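*Asks:* Input upload.txt, format and content: compact mmCIF, C-alpha atoms.
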# COMPACT_ATOMS: atom_id res chain seq x y z
CA MET A 218 -134.43 -196.26 350.05
CA ILE A 219 -131.34 -194.46 348.77
CA ARG A 220 -131.96 -192.60 345.53
CA GLN A 221 -128.85 -192.57 343.34
CA ALA A 222 -128.19 -189.33 341.49
CA SER A 223 -127.76 -189.99 337.78
CA ALA A 224 -124.16 -189.97 336.51
CA SER A 225 -122.89 -187.72 339.30
CA ILE A 226 -119.25 -188.62 339.44
CA ALA A 227 -117.51 -187.13 342.46
CA ARG A 228 -114.05 -188.55 341.69
CA SER A 229 -113.12 -190.49 338.56
CA CYS A 230 -111.95 -194.10 338.52
CA SER A 231 -108.19 -194.45 338.72
CA ARG A 232 -106.42 -196.23 335.90
CA MET A 233 -103.07 -196.43 337.65
CA ALA A 234 -101.91 -200.01 337.66
CA ALA A 235 -100.01 -199.73 340.94
CA LEU A 236 -103.09 -198.70 342.90
CA LEU A 237 -105.75 -200.56 340.92
CA LEU A 238 -108.51 -198.31 342.15
CA ALA A 239 -111.68 -199.27 340.35
CA ALA A 240 -113.80 -196.95 342.43
CA VAL A 241 -116.97 -195.50 341.00
CA VAL A 242 -117.97 -192.53 343.11
CA LEU A 243 -121.67 -191.74 343.03
CA SER A 244 -123.58 -189.09 344.94
CA PHE A 245 -126.67 -190.14 346.84
CA GLY A 246 -129.79 -188.07 346.72
CA LEU A 247 -130.97 -186.62 350.01
CA LEU A 248 -133.46 -188.61 351.97
CA PRO A 249 -136.96 -187.16 351.36
CA SER A 250 -137.14 -185.31 354.69
CA GLU A 251 -133.60 -183.92 354.49
CA ARG A 252 -133.48 -181.77 351.36
CA ALA A 253 -132.86 -178.37 352.98
CA SER A 254 -129.30 -177.08 352.65
CA ALA A 255 -127.11 -177.51 355.71
CA ALA A 256 -125.14 -174.62 357.20
CA LEU A 257 -122.37 -176.38 359.15
CA GLU A 258 -118.89 -175.44 357.97
CA ILE A 259 -115.38 -174.81 359.29
CA VAL A 260 -113.84 -171.41 358.65
CA ILE A 261 -110.10 -172.04 358.37
CA ASN A 262 -108.74 -168.57 357.65
CA GLN A 263 -108.28 -167.86 361.35
CA GLY A 264 -105.03 -168.16 363.27
CA ASN A 265 -106.07 -170.84 365.75
CA ILE A 266 -108.83 -173.28 364.85
CA GLU A 267 -111.01 -175.02 367.42
CA PRO A 268 -111.42 -178.58 366.07
CA LEU A 269 -114.97 -179.50 365.09
CA PRO A 270 -116.42 -182.37 367.19
CA ILE A 271 -117.39 -185.12 364.77
CA ALA A 272 -118.89 -188.54 365.50
CA LEU A 273 -117.80 -191.49 363.37
CA PRO A 274 -119.46 -194.71 364.52
CA ALA A 275 -117.81 -197.77 363.02
CA PHE A 276 -119.19 -198.43 359.54
CA SER A 277 -121.42 -201.49 359.43
CA GLY A 278 -120.02 -204.49 357.60
CA ALA A 279 -122.46 -206.76 355.82
CA GLY A 280 -121.56 -210.37 355.09
CA GLY A 281 -118.74 -210.73 357.60
CA GLU A 282 -116.95 -207.49 356.69
CA ALA A 283 -117.17 -205.96 360.18
CA GLN A 284 -113.37 -205.99 360.67
CA LEU A 285 -112.70 -204.28 357.35
CA ALA A 286 -115.47 -201.76 358.05
CA SER A 287 -113.88 -200.93 361.41
CA GLU A 288 -110.42 -200.50 359.83
CA ILE A 289 -111.79 -198.17 357.15
CA THR A 290 -113.52 -196.10 359.83
CA ASP A 291 -110.27 -195.87 361.80
CA VAL A 292 -108.33 -194.55 358.77
CA ILE A 293 -111.00 -191.90 358.11
CA LYS A 294 -110.91 -190.82 361.76
CA ALA A 295 -107.12 -190.69 361.81
CA ASP A 296 -107.00 -188.56 358.65
CA LEU A 297 -109.51 -186.05 359.99
CA ALA A 298 -107.90 -185.89 363.44
CA ARG A 299 -104.40 -185.37 362.01
CA SER A 300 -105.60 -182.34 360.06
CA GLY A 301 -106.16 -180.52 363.35
CA LEU A 302 -109.57 -179.32 362.13
CA PHE A 303 -111.64 -182.20 363.52
CA ARG A 304 -111.98 -183.90 366.90
CA PRO A 305 -113.44 -187.41 366.54
CA LEU A 306 -115.52 -188.19 369.60
CA ASP A 307 -114.95 -191.21 371.82
CA PRO A 308 -117.32 -194.03 370.74
CA ALA A 309 -117.91 -194.76 374.45
CA SER A 310 -119.88 -191.51 374.62
CA PHE A 311 -122.31 -192.50 371.88
CA ILE A 312 -125.94 -192.80 373.01
CA GLU A 313 -127.43 -194.11 369.78
CA THR A 314 -126.00 -197.41 368.57
CA GLY A 315 -126.73 -199.46 365.49
CA VAL A 316 -127.03 -196.41 363.22
CA ASN A 317 -128.14 -197.23 359.66
CA VAL A 318 -126.84 -195.49 356.57
CA ASN A 319 -130.31 -195.76 354.96
CA THR A 320 -132.27 -193.93 357.65
CA PRO A 321 -131.82 -190.59 359.42
CA PRO A 322 -130.13 -190.82 362.84
CA GLU A 323 -131.78 -189.81 366.11
CA PHE A 324 -130.29 -186.33 366.26
CA GLY A 325 -131.44 -185.89 369.84
CA SER A 326 -128.99 -188.63 370.83
CA TRP A 327 -126.01 -186.90 369.22
CA ARG A 328 -126.50 -183.30 370.34
CA PRO A 329 -126.01 -183.97 374.09
CA ILE A 330 -122.52 -185.44 373.50
CA GLY A 331 -121.43 -182.34 371.58
CA ALA A 332 -121.34 -183.85 368.09
CA GLN A 333 -121.72 -181.18 365.42
CA ALA A 334 -121.23 -183.54 362.48
CA LEU A 335 -122.01 -187.25 362.16
CA VAL A 336 -120.75 -189.75 359.59
CA VAL A 337 -122.67 -193.00 359.09
CA GLY A 338 -121.42 -195.63 356.66
CA ALA A 339 -121.56 -199.23 355.51
CA ILE A 340 -119.24 -201.69 353.76
CA GLU A 341 -120.35 -204.60 351.59
CA ARG A 342 -118.45 -207.07 349.42
CA GLN A 343 -119.82 -207.49 345.92
CA SER A 344 -120.20 -210.75 344.01
CA ASP A 345 -117.16 -209.86 341.86
CA GLY A 346 -114.99 -209.44 344.99
CA ARG A 347 -114.95 -205.65 345.01
CA ILE A 348 -115.78 -203.63 348.10
CA ARG A 349 -118.64 -201.14 348.10
CA ALA A 350 -118.55 -198.34 350.67
CA GLU A 351 -121.34 -195.84 351.22
CA PHE A 352 -121.61 -193.04 353.73
CA ARG A 353 -123.68 -190.04 354.72
CA LEU A 354 -122.49 -186.87 356.43
CA TRP A 355 -125.05 -185.20 358.72
CA ASP A 356 -125.27 -181.73 360.27
CA VAL A 357 -126.41 -182.73 363.76
CA PHE A 358 -127.78 -179.38 364.95
CA ALA A 359 -129.62 -178.61 361.71
CA GLY A 360 -130.80 -182.22 361.41
CA GLN A 361 -129.85 -182.23 357.72
CA GLN A 362 -127.80 -184.40 355.41
CA MET A 363 -124.78 -182.63 353.93
CA LEU A 364 -123.30 -185.33 351.72
CA GLY A 365 -123.91 -188.88 350.58
CA GLN A 366 -121.62 -190.96 348.37
CA GLN A 367 -120.71 -194.52 347.50
CA PHE A 368 -117.49 -196.03 346.20
CA TYR A 369 -116.38 -199.31 344.64
CA THR A 370 -112.81 -200.58 344.74
CA THR A 371 -110.73 -203.75 344.84
CA ALA A 372 -110.40 -205.34 348.26
CA ASP A 373 -106.67 -204.65 348.54
CA ASN A 374 -107.19 -200.94 347.92
CA TRP A 375 -109.45 -200.25 350.89
CA ARG A 376 -107.07 -197.78 352.54
CA ARG A 377 -107.13 -195.48 349.53
CA MET A 378 -110.93 -195.62 349.53
CA ALA A 379 -110.87 -194.51 353.19
CA HIS A 380 -108.61 -191.56 352.27
CA ILE A 381 -111.00 -190.53 349.48
CA ILE A 382 -113.95 -190.61 351.89
CA ALA A 383 -111.98 -188.48 354.38
CA ASP A 384 -111.20 -186.01 351.56
CA ALA A 385 -114.89 -185.78 350.68
CA ILE A 386 -115.82 -185.02 354.30
CA TYR A 387 -113.00 -182.49 354.62
CA GLU A 388 -114.02 -180.69 351.44
CA ARG A 389 -117.71 -180.55 352.35
CA LEU A 390 -117.03 -179.11 355.80
CA THR A 391 -114.19 -176.72 354.91
CA GLY A 392 -114.97 -175.77 351.33
CA GLU A 393 -111.40 -176.70 350.30
CA LYS A 394 -109.90 -179.77 348.69
CA GLY A 395 -108.52 -182.35 351.07
CA TYR A 396 -105.05 -183.88 350.90
CA PHE A 397 -105.49 -187.39 352.30
CA ASP A 398 -105.52 -189.25 348.97
CA THR A 399 -101.88 -188.37 348.33
CA ARG A 400 -98.43 -189.81 348.74
CA ILE A 401 -95.07 -188.56 349.98
CA VAL A 402 -91.76 -189.47 348.39
CA TYR A 403 -88.67 -189.17 350.57
CA ILE A 404 -85.15 -190.46 351.20
CA ASP A 405 -85.05 -193.56 353.42
CA GLU A 406 -81.82 -193.63 355.43
CA THR A 407 -80.37 -196.72 357.14
CA GLY A 408 -77.01 -197.76 358.56
CA ALA A 409 -74.30 -196.04 360.57
CA LYS A 410 -74.30 -192.25 360.60
CA ASP A 411 -71.12 -192.00 358.52
CA LYS A 412 -72.18 -194.80 356.12
CA ARG A 413 -75.84 -194.13 355.44
CA VAL A 414 -77.57 -196.10 352.70
CA LYS A 415 -80.06 -193.75 351.05
CA ARG A 416 -82.96 -195.13 349.03
CA LEU A 417 -85.81 -193.37 347.31
CA ALA A 418 -89.05 -194.38 349.04
CA ILE A 419 -92.72 -193.54 348.72
CA MET A 420 -95.64 -193.96 351.12
CA ASP A 421 -99.19 -192.79 351.70
CA GLN A 422 -99.43 -189.39 353.38
CA ASP A 423 -100.15 -191.10 356.72
CA GLY A 424 -97.03 -193.31 356.56
CA ALA A 425 -98.71 -196.51 355.35
CA ASN A 426 -97.79 -198.63 352.31
CA VAL A 427 -94.08 -197.80 352.19
CA ARG A 428 -92.29 -199.07 349.11
CA TYR A 429 -88.78 -198.49 347.79
CA LEU A 430 -88.10 -197.04 344.38
CA THR A 431 -84.32 -197.49 344.33
CA ASN A 432 -82.14 -200.25 345.81
CA GLY A 433 -79.55 -198.16 347.66
CA SER A 434 -76.65 -198.89 345.32
CA ASP A 435 -76.42 -195.18 344.41
CA LEU A 436 -76.67 -192.20 346.73
CA VAL A 437 -80.00 -190.45 346.04
CA LEU A 438 -81.06 -186.97 347.16
CA THR A 439 -83.79 -184.31 347.00
CA PRO A 440 -86.75 -185.86 345.16
CA ARG A 441 -89.26 -183.37 343.75
CA PHE A 442 -92.84 -184.25 342.77
CA SER A 443 -94.42 -182.94 339.63
CA PRO A 444 -97.47 -180.80 340.54
CA SER A 445 -99.43 -182.18 337.60
CA ARG A 446 -98.64 -185.90 337.41
CA GLN A 447 -97.22 -188.82 339.38
CA GLU A 448 -93.60 -188.17 338.41
CA VAL A 449 -90.55 -187.18 340.41
CA THR A 450 -87.12 -185.82 339.65
CA TYR A 451 -84.25 -186.75 341.92
CA MET A 452 -80.46 -186.68 342.06
CA ALA A 453 -78.33 -189.81 342.10
CA TYR A 454 -74.57 -190.10 342.45
CA ALA A 455 -72.90 -192.87 340.50
CA GLY A 456 -69.45 -192.36 341.98
CA THR A 457 -68.87 -188.60 342.21
CA GLU A 458 -70.97 -187.58 339.20
CA PRO A 459 -74.44 -186.18 340.01
CA ARG A 460 -77.15 -187.21 337.60
CA VAL A 461 -80.77 -186.09 337.46
CA TYR A 462 -83.44 -188.69 336.76
CA LEU A 463 -87.12 -188.47 335.90
CA LEU A 464 -89.15 -191.34 337.37
CA ASN A 465 -92.76 -192.27 336.62
CA ILE A 466 -94.11 -193.59 339.92
CA GLU A 467 -96.82 -195.76 338.36
CA THR A 468 -94.91 -197.44 335.55
CA GLY A 469 -91.45 -197.41 337.15
CA GLN A 470 -90.02 -196.01 333.91
CA ARG A 471 -86.87 -193.99 334.58
CA GLU A 472 -84.97 -191.72 332.24
CA MET A 473 -81.88 -189.65 332.80
CA VAL A 474 -82.38 -185.91 332.33
CA GLY A 475 -78.65 -185.26 332.27
CA ASN A 476 -75.30 -185.09 334.05
CA PHE A 477 -74.92 -181.89 336.05
CA PRO A 478 -71.54 -181.44 337.79
CA GLY A 479 -71.78 -179.09 340.74
CA MET A 480 -75.52 -179.51 341.22
CA THR A 481 -76.57 -179.76 344.87
CA PHE A 482 -80.39 -179.91 344.64
CA ALA A 483 -82.61 -181.72 342.16
CA PRO A 484 -84.65 -179.51 339.79
CA ARG A 485 -88.20 -178.38 340.54
CA PHE A 486 -91.04 -178.78 338.08
CA SER A 487 -92.99 -175.96 336.49
CA PRO A 488 -96.76 -176.05 337.22
CA ASP A 489 -97.51 -177.78 333.90
CA GLY A 490 -94.81 -180.39 334.50
CA GLN A 491 -93.15 -179.64 331.15
CA ARG A 492 -90.15 -177.67 332.44
CA VAL A 493 -87.77 -177.78 335.38
CA ALA A 494 -85.76 -175.03 337.06
CA MET A 495 -82.36 -175.86 338.52
CA SER A 496 -79.13 -174.34 339.79
CA LEU A 497 -75.87 -175.22 338.08
CA GLN A 498 -72.44 -174.37 339.44
CA GLN A 499 -69.88 -172.92 337.08
CA GLY A 500 -66.57 -171.95 338.66
CA GLY A 501 -67.15 -170.28 342.03
CA ASN A 502 -70.73 -169.22 341.41
CA ALA A 503 -74.06 -170.89 340.65
CA ASN A 504 -76.85 -169.66 338.41
CA ILE A 505 -80.42 -170.71 337.72
CA PHE A 506 -81.38 -172.43 334.49
CA GLU A 507 -84.60 -173.74 333.03
CA MET A 508 -84.86 -176.92 330.96
CA ASP A 509 -87.69 -177.92 328.64
CA LEU A 510 -88.19 -181.63 329.36
CA ARG A 511 -89.44 -182.34 325.84
CA SER A 512 -86.62 -180.74 323.85
CA ARG A 513 -83.98 -180.83 326.64
CA ARG A 514 -83.20 -177.23 325.69
CA THR A 515 -81.67 -175.23 328.57
CA THR A 516 -82.13 -171.49 329.14
CA ARG A 517 -80.07 -169.45 331.59
CA LEU A 518 -82.21 -167.29 333.89
CA THR A 519 -79.65 -165.59 336.19
CA ASN A 520 -76.15 -164.37 335.48
CA THR A 521 -74.42 -163.06 338.59
CA PRO A 522 -71.14 -163.75 340.43
CA ALA A 523 -73.24 -164.91 343.41
CA ILE A 524 -74.63 -168.32 344.34
CA ASP A 525 -78.25 -168.50 343.13
CA THR A 526 -79.99 -171.76 343.98
CA SER A 527 -83.21 -173.54 345.10
CA PRO A 528 -85.63 -172.14 342.49
CA SER A 529 -89.37 -172.79 342.88
CA TYR A 530 -92.15 -171.71 340.51
CA SER A 531 -95.28 -169.82 341.49
CA PRO A 532 -98.42 -171.92 340.81
CA ASP A 533 -99.27 -169.85 337.73
CA GLY A 534 -95.74 -170.23 336.39
CA SER A 535 -95.17 -166.49 336.04
CA ARG A 536 -92.54 -166.08 338.78
CA ILE A 537 -89.74 -167.97 340.51
CA VAL A 538 -88.57 -167.68 344.11
CA PHE A 539 -84.95 -168.60 344.83
CA GLU A 540 -82.20 -168.11 347.38
CA SER A 541 -79.08 -166.04 346.70
CA ASP A 542 -76.12 -164.61 348.56
CA ARG A 543 -75.81 -161.68 346.13
CA GLY A 544 -76.51 -159.34 349.06
CA GLY A 545 -73.82 -160.90 351.26
CA THR A 546 -75.89 -163.58 353.06
CA GLN A 547 -78.43 -166.19 352.00
CA GLN A 548 -81.73 -164.40 351.33
CA LEU A 549 -84.88 -165.01 349.30
CA TYR A 550 -85.59 -163.32 345.98
CA VAL A 551 -88.50 -163.40 343.55
CA MET A 552 -88.03 -162.84 339.83
CA ASP A 553 -90.10 -163.16 336.67
CA ALA A 554 -90.06 -166.62 335.13
CA ASN A 555 -87.77 -165.37 332.35
CA GLY A 556 -85.21 -164.17 334.92
CA GLY A 557 -86.14 -160.50 334.87
CA ASN A 558 -86.98 -158.09 337.70
CA PRO A 559 -85.38 -159.86 340.69
CA GLN A 560 -86.56 -158.48 344.04
CA ARG A 561 -85.34 -159.40 347.53
CA ILE A 562 -88.22 -160.40 349.83
CA SER A 563 -86.53 -161.59 353.08
CA PHE A 564 -85.23 -158.99 355.52
CA GLY A 565 -85.39 -160.62 358.95
CA PRO A 566 -82.36 -161.62 361.02
CA GLY A 567 -80.58 -164.78 359.95
CA ARG A 568 -80.19 -166.71 356.70
CA TYR A 569 -83.01 -168.03 354.51
CA SER A 570 -82.97 -171.07 352.24
CA THR A 571 -85.03 -173.79 350.45
CA PRO A 572 -87.99 -171.58 349.45
CA VAL A 573 -91.08 -173.36 348.10
CA TRP A 574 -94.10 -171.60 346.66
CA SER A 575 -97.49 -172.71 348.00
CA PRO A 576 -99.90 -174.38 345.53
CA ARG A 577 -102.41 -171.73 346.58
CA GLY A 578 -99.99 -168.98 345.55
CA ASP A 579 -100.47 -166.99 348.76
CA LEU A 580 -97.35 -168.01 350.70
CA ILE A 581 -93.74 -169.09 350.33
CA ALA A 582 -92.33 -171.60 352.81
CA PHE A 583 -88.66 -171.50 353.77
CA THR A 584 -85.95 -172.73 356.13
CA LYS A 585 -84.42 -170.05 358.35
CA MET A 586 -81.19 -170.25 360.35
CA ASN A 587 -80.55 -167.72 363.10
CA GLN A 588 -78.33 -167.94 366.20
CA GLY A 589 -78.01 -171.70 365.95
CA ARG A 590 -81.74 -172.29 365.54
CA PHE A 591 -83.34 -173.89 362.48
CA MET A 592 -86.89 -172.78 361.70
CA ILE A 593 -89.60 -173.57 359.17
CA GLY A 594 -91.62 -170.48 358.31
CA VAL A 595 -93.82 -168.82 355.72
CA MET A 596 -94.12 -165.35 354.22
CA ARG A 597 -96.18 -163.71 351.51
CA PRO A 598 -94.62 -163.44 348.04
CA ASP A 599 -93.84 -159.77 348.68
CA GLY A 600 -91.99 -160.66 351.89
CA SER A 601 -94.66 -159.41 354.30
CA GLY A 602 -96.31 -161.44 357.04
CA GLU A 603 -93.31 -163.60 357.95
CA ARG A 604 -94.23 -166.26 360.53
CA VAL A 605 -92.18 -169.06 362.08
CA LEU A 606 -94.26 -172.24 362.32
CA THR A 607 -91.78 -174.49 364.10
CA GLU A 608 -88.16 -174.64 365.16
CA GLY A 609 -85.84 -177.40 366.30
CA TYR A 610 -82.34 -178.82 366.42
CA HIS A 611 -82.13 -178.95 362.62
CA ASN A 612 -85.29 -178.36 360.58
CA GLU A 613 -85.03 -178.30 356.81
CA GLY A 614 -86.68 -178.96 353.47
CA PRO A 615 -90.35 -177.90 353.67
CA ALA A 616 -92.78 -179.21 351.05
CA TRP A 617 -96.46 -178.33 350.67
CA SER A 618 -99.54 -180.52 350.72
CA PRO A 619 -101.49 -180.05 347.46
CA ASN A 620 -104.12 -177.87 349.16
CA GLY A 621 -101.48 -175.54 350.65
CA ARG A 622 -102.58 -176.04 354.28
CA VAL A 623 -99.87 -178.37 355.64
CA LEU A 624 -96.08 -178.60 355.31
CA VAL A 625 -93.94 -181.71 355.58
CA PHE A 626 -90.25 -181.29 356.52
CA PHE A 627 -87.44 -183.21 358.14
CA ARG A 628 -85.82 -182.68 361.52
CA ASP A 629 -82.49 -184.13 362.61
CA THR A 630 -82.07 -185.56 366.08
CA PRO A 631 -78.66 -185.02 367.76
CA GLY A 632 -76.19 -187.59 369.01
CA ALA A 633 -74.29 -190.53 367.61
CA ASN A 634 -77.50 -192.49 367.06
CA GLY A 635 -79.50 -189.52 365.81
CA GLY A 636 -80.83 -188.96 362.33
CA PRO A 637 -83.53 -187.22 360.30
CA GLN A 638 -87.24 -187.77 360.89
CA LEU A 639 -90.25 -186.56 358.93
CA TRP A 640 -92.70 -184.12 360.51
CA THR A 641 -95.75 -182.15 359.44
CA VAL A 642 -97.00 -178.78 360.65
CA ASP A 643 -100.08 -176.84 359.58
CA LEU A 644 -100.28 -173.13 358.87
CA THR A 645 -101.37 -172.30 362.41
CA GLY A 646 -98.12 -173.76 363.77
CA TYR A 647 -100.09 -175.47 366.55
CA ASN A 648 -100.64 -178.82 364.86
CA GLU A 649 -97.18 -180.42 364.59
CA GLN A 650 -96.90 -184.20 364.24
CA ARG A 651 -94.28 -186.85 363.61
CA LEU A 652 -94.79 -188.81 360.39
CA PRO A 653 -93.80 -192.45 361.00
CA THR A 654 -91.23 -194.09 358.71
CA PRO A 655 -89.54 -197.52 359.04
CA ALA A 656 -86.09 -195.90 359.34
CA PHE A 657 -84.71 -192.38 359.23
CA GLY A 658 -86.24 -190.15 356.56
CA SER A 659 -85.26 -186.88 354.86
CA ASP A 660 -86.01 -184.67 351.83
CA PRO A 661 -89.79 -185.22 351.63
CA ALA A 662 -91.93 -184.13 348.68
CA TRP A 663 -95.75 -184.26 348.54
CA SER A 664 -97.65 -185.61 345.54
CA PRO A 665 -100.66 -183.94 343.94
CA LEU A 666 -104.02 -185.55 344.65
CA LEU A 667 -104.25 -188.96 342.98
CA GLU A 668 -106.66 -189.22 340.06
Before anything else, please render the file you have as structure tokens.
*Replies:*
Amino acid sequence: MIRQASASIARSCSRMAALLLAAVVLSFGLLPSERASAALEIVINQGNIEPLPIALPAFSGAGGEAQLASEITDVIKADLARSGLFRPLDPASFIETGVNVNTPPEFGSWRPIGAQALVVGAIERQSDGRIRAEFRLWDVFAGQQMLGQQFYTTADNWRRMAHIIADAIYERLTGEKGYFDTRIVYIDETGAKDKRVKRLAIMDQDGANVRYLTNGSDLVLTPRFSPSRQEVTYMAYAGTEPRVYLLNIETGQREMVGNFPGMTFAPRFSPDGQRVAMSLQQGGNANIFEMDLRSRRTTRLTNTPAIDTSPSYSPDGSRIVFESDRGGTQQLYVMDANGGNPQRISFGPGRYSTPVWSPRGDLIAFTKMNQGRFMIGVMRPDGSGERVLTEGYHNEGPAWSPNGRVLVFFRDTPGANGGPQLWTVDLTGYNEQRLPTPAFGSDPAWSPLLE
């Protein structure tokens, strides 16, 4: 029998109306013979990670839920595989079949096929129509259970439940928060190349559940997610006048922050979500300002004859990275959050732009242009350790996953029928993948983990 740990809530129930997650996440107790602590883990501070072989037999589905159970298993496998840290094994290699979530597996059947971790789960529909999912994560070589949880959610929200399970597995095996229960907002682009209709769109981090947040009547650009809540800022042109809007993703409530002539990028949020930093053009130069979203009071942070733009806060809010041509070419600078003590941090060949501070605080991502090549790279906040992760015809606009391990960006394809596409790349630079969208997509921004 499964012993339920009392009031151990692994992730709270969501109250967001759009997602309707009514999941109660409870930790299982270890089975009586499996109480020793397991030692299996992935160390991800190395340059090139060998993916961990993991077996995920299809979850069992009681009461005719076999199809749903299989689909949930597939989403979990896809999440883990896309991270580059896990290698789901081919089910055709499995020796033991009919595994049961309530009993320990036959570990001797999983070791010969190279499985180091094993996930066993089950799906069951409740009398009120909700879906209950339970799973156990096993360390195959130690023969020990590492994790056991169960979740409840509405039937139409099964994909999000799968992402939460994948996050739990990721966190237990890596020691870091996952990023699968997140969304990406971006600009959906359709139509002829010289007459693109641009709509604000949002989707799950794997490309599923696309929905449109604007109707395409106005040109929209550069959405930015709040790091603390499900809100975005974005620019919209009604005619030739750029306006900045603040949009609550869950309620759909939209308010105008202001009219900002000469603005080319939407503002970025401070870590607490209460302020935004932005660049405003005045005459032939542009300077960086900060606005308090509650009072709408604006404070000027830079005052130079140069073009200062693309500000991004450090995760503790104490510093801001930005790009400036004050030295003659586009380079990256870091200054105190009040505008003091600016220091140049980029010194490689080429021009640097669109800096974004990692949520972990250890790196700054950027776009680099050199000799006709467009690169996405990272460097430490002091400018050391610069690394190019990927390059292409036209790469631009990196944005971080909430755990600071993956970047999403857009890449243009050449030719009359070409256009921007969304891609992801991890910090090793080896795991680069196309992110599917219904049409062309640009200017991505990653949400924080959903609550």
*Asks:* Using all atoms listed in the file, find the one residue out of A:Asn476, A:Thr407, A:Asn426, A:Thr468 that sits nearest to Ala453 (chain A).
*Replies:*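 Distance minimum relative to Ala453 (chain A) lands on A:Asn476.
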*Asks:* With all atoms listed in the file as the atoms that count, which of A:Ile289, A:Ile382, A:Val427, A:Leu297 lies nearest to Pro655 (chain A)?
*Replies:*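 Under the stated criterion, the closest residue is A:Val427.
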*Asks:* Can you tell me how far CA of Arg543 (chain A) sits from CA of Ile524 (chain A), in Å to one decimal?
*Replies:*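 Interatomic distance here is 7.0 Å.
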*Asks:* Per residue of region 514-537 of chain A within 10 Å of region 492-499 of chain A, what are the shortest atom pair and its distance in Å to one decimal, counting all atoms listed in the file, with rows by chain and residue number, as JSON lines?
*Replies:*
{"residue": "A:Arg514", "atom": "CA", "partner": "A:Arg492", "partner_atom": "CA", "distance": 9.7}
{"residue": "A:Thr515", "atom": "CA", "partner": "A:Ala494", "partner_atom": "CA", "distance": 9.4}
{"residue": "A:Thr516", "atom": "CA", "partner": "A:Ala494", "partner_atom": "CA", "distance": 9.4}
{"residue": "A:Arg517", "atom": "CA", "partner": "A:Ser496", "partner_atom": "CA", "distance": 9.6}
{"residue": "A:Leu518", "atom": "CA", "partner": "A:Ala494", "partner_atom": "CA", "distance": 9.1}
{"residue": "A:Thr519", "atom": "CA", "partner": "A:Ser496", "partner_atom": "CA", "distance": 9.5}
{"residue": "A:Pro522", "atom": "CA", "partner": "A:Gln499", "partner_atom": "CA", "distance": 9.8}
{"residue": "A:Ile524", "atom": "CA", "partner": "A:Gln498", "partner_atom": "CA", "distance": 8.1}
{"residue": "A:Asp525", "atom": "CA", "partner": "A:Ser496", "partner_atom": "CA", "distance": 6.8}
{"residue": "A:Thr526", "atom": "CA", "partner": "A:Ser496", "partner_atom": "CA", "distance": 5.0}
{"residue": "A:Ser527", "atom": "CA", "partner": "A:Ser496", "partner_atom": "CA", "distance": 6.7}
{"residue": "A:Pro528", "atom": "CA", "partner": "A:Ala494", "partner_atom": "CA", "distance": 6.2}
{"residue": "A:Ser529", "atom": "CA", "partner": "A:Ala494", "partner_atom": "CA", "distance": 7.2}
{"residue": "A:Tyr530", "atom": "CA", "partner": "A:Ala494", "partner_atom": "CA", "distance": 8.0}
{"residue": "A:Ile537", "atom": "CA", "partner": "A:Ala494", "partner_atom": "CA", "distance": 8.8}
*Asks:* I'd like the interatomic distance between CA of Ala385 (chain A) and CA of Ala283 (chain A), to a tenth of an Å.
*Replies:*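 Rounded to one decimal, the two atoms are 22.4 Å apart.
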*Asks:* Provide the CA of Glu540 (chain A) to CA of Leu417 (chain A) distance in Å, to one decimal place.
*Replies:*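 So the two atoms, CA of Glu540 (chain A) and CA of Leu417 (chain A), lie 25.5 Å apart.
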*Asks:* Name the residues, using the chain letters and numbers of the file, that sit within 7 Å of (-100.4, -183.2, 343.8) when counting only C-alpha atoms, and give them as a list in words.
*Replies:*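 Checked against the point, the hits come out as Pro444, Ser445, Pro619, Trp663, Ser664, Pro665, Leu666 and Leu667 of chain A.
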*Asks:* Using only C-alpha atoms, which of the listed residues (A:Tyr403, A:Phe311, A:Tyr387, A:Phe442) sits closest to Ser326 (chain A)?
*Replies:* A:Phe311
*Asks:* Between A:Gln470, A:Gln284, A:Ser300, A:Ser601, which is the closest to Asn648 (chain A) once you count all atoms listed in the file?
*Replies:*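 Residue with the minimum atom-to-atom distance to Asn648 (chain A): A:Ser300.
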*Asks:* For Ile293 (chain A), work out the shell of residues within 12 Å, counting all atoms listed in the file and skipping chain neighbours fewer than 3 positions away, then give it as a ChimeraX atom specification.
*Replies:* /A:271-276,286-290,296-300,303-305,336-338,352,375-387,397-398,423
*Asks:* I'd like to know which of A:Gly635, A:Arg622, A:Ser512, A:Ser659 is closest to Asp411 (chain A), using only C-alpha atoms.
*Replies:*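 When distances to Asp411 (chain A) are compared using only C-alpha atoms, the smallest one comes from A:Gly635.
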*Asks:* Counting only C-alpha atoms, I want the residues whose atoms come within 12 Å of (-79.9, -167.3, 352.7) in the file frame, returned as a ChimeraX atom specification.
*Replies:* /A:523-527,539-550,561-572,583-587
*Asks:* Under the rule that only C-alpha atoms are counted, which of A:Leu257, A:Val573, A:Ile340, A:Leu438 is the nearest residue to Ser618 (chain A)?
*Replies:*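 Among A:Leu257, A:Val573, A:Ile340, A:Leu438, it is A:Val573 that comes nearest to Ser618 (chain A).
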*Asks:* Which centre and which edge lengths, in Å to one decimal, describe the axis-aligned box that holds all listed atoms of region 640-655 of chain A after 4 Å is added on each side, as AutoDock Vina command-line options?
*Replies:*
--center_x -95.5 --center_y -184.9 --center_z 362.6 --size_x 19.8 --size_y 33.2 --size_z 15.8
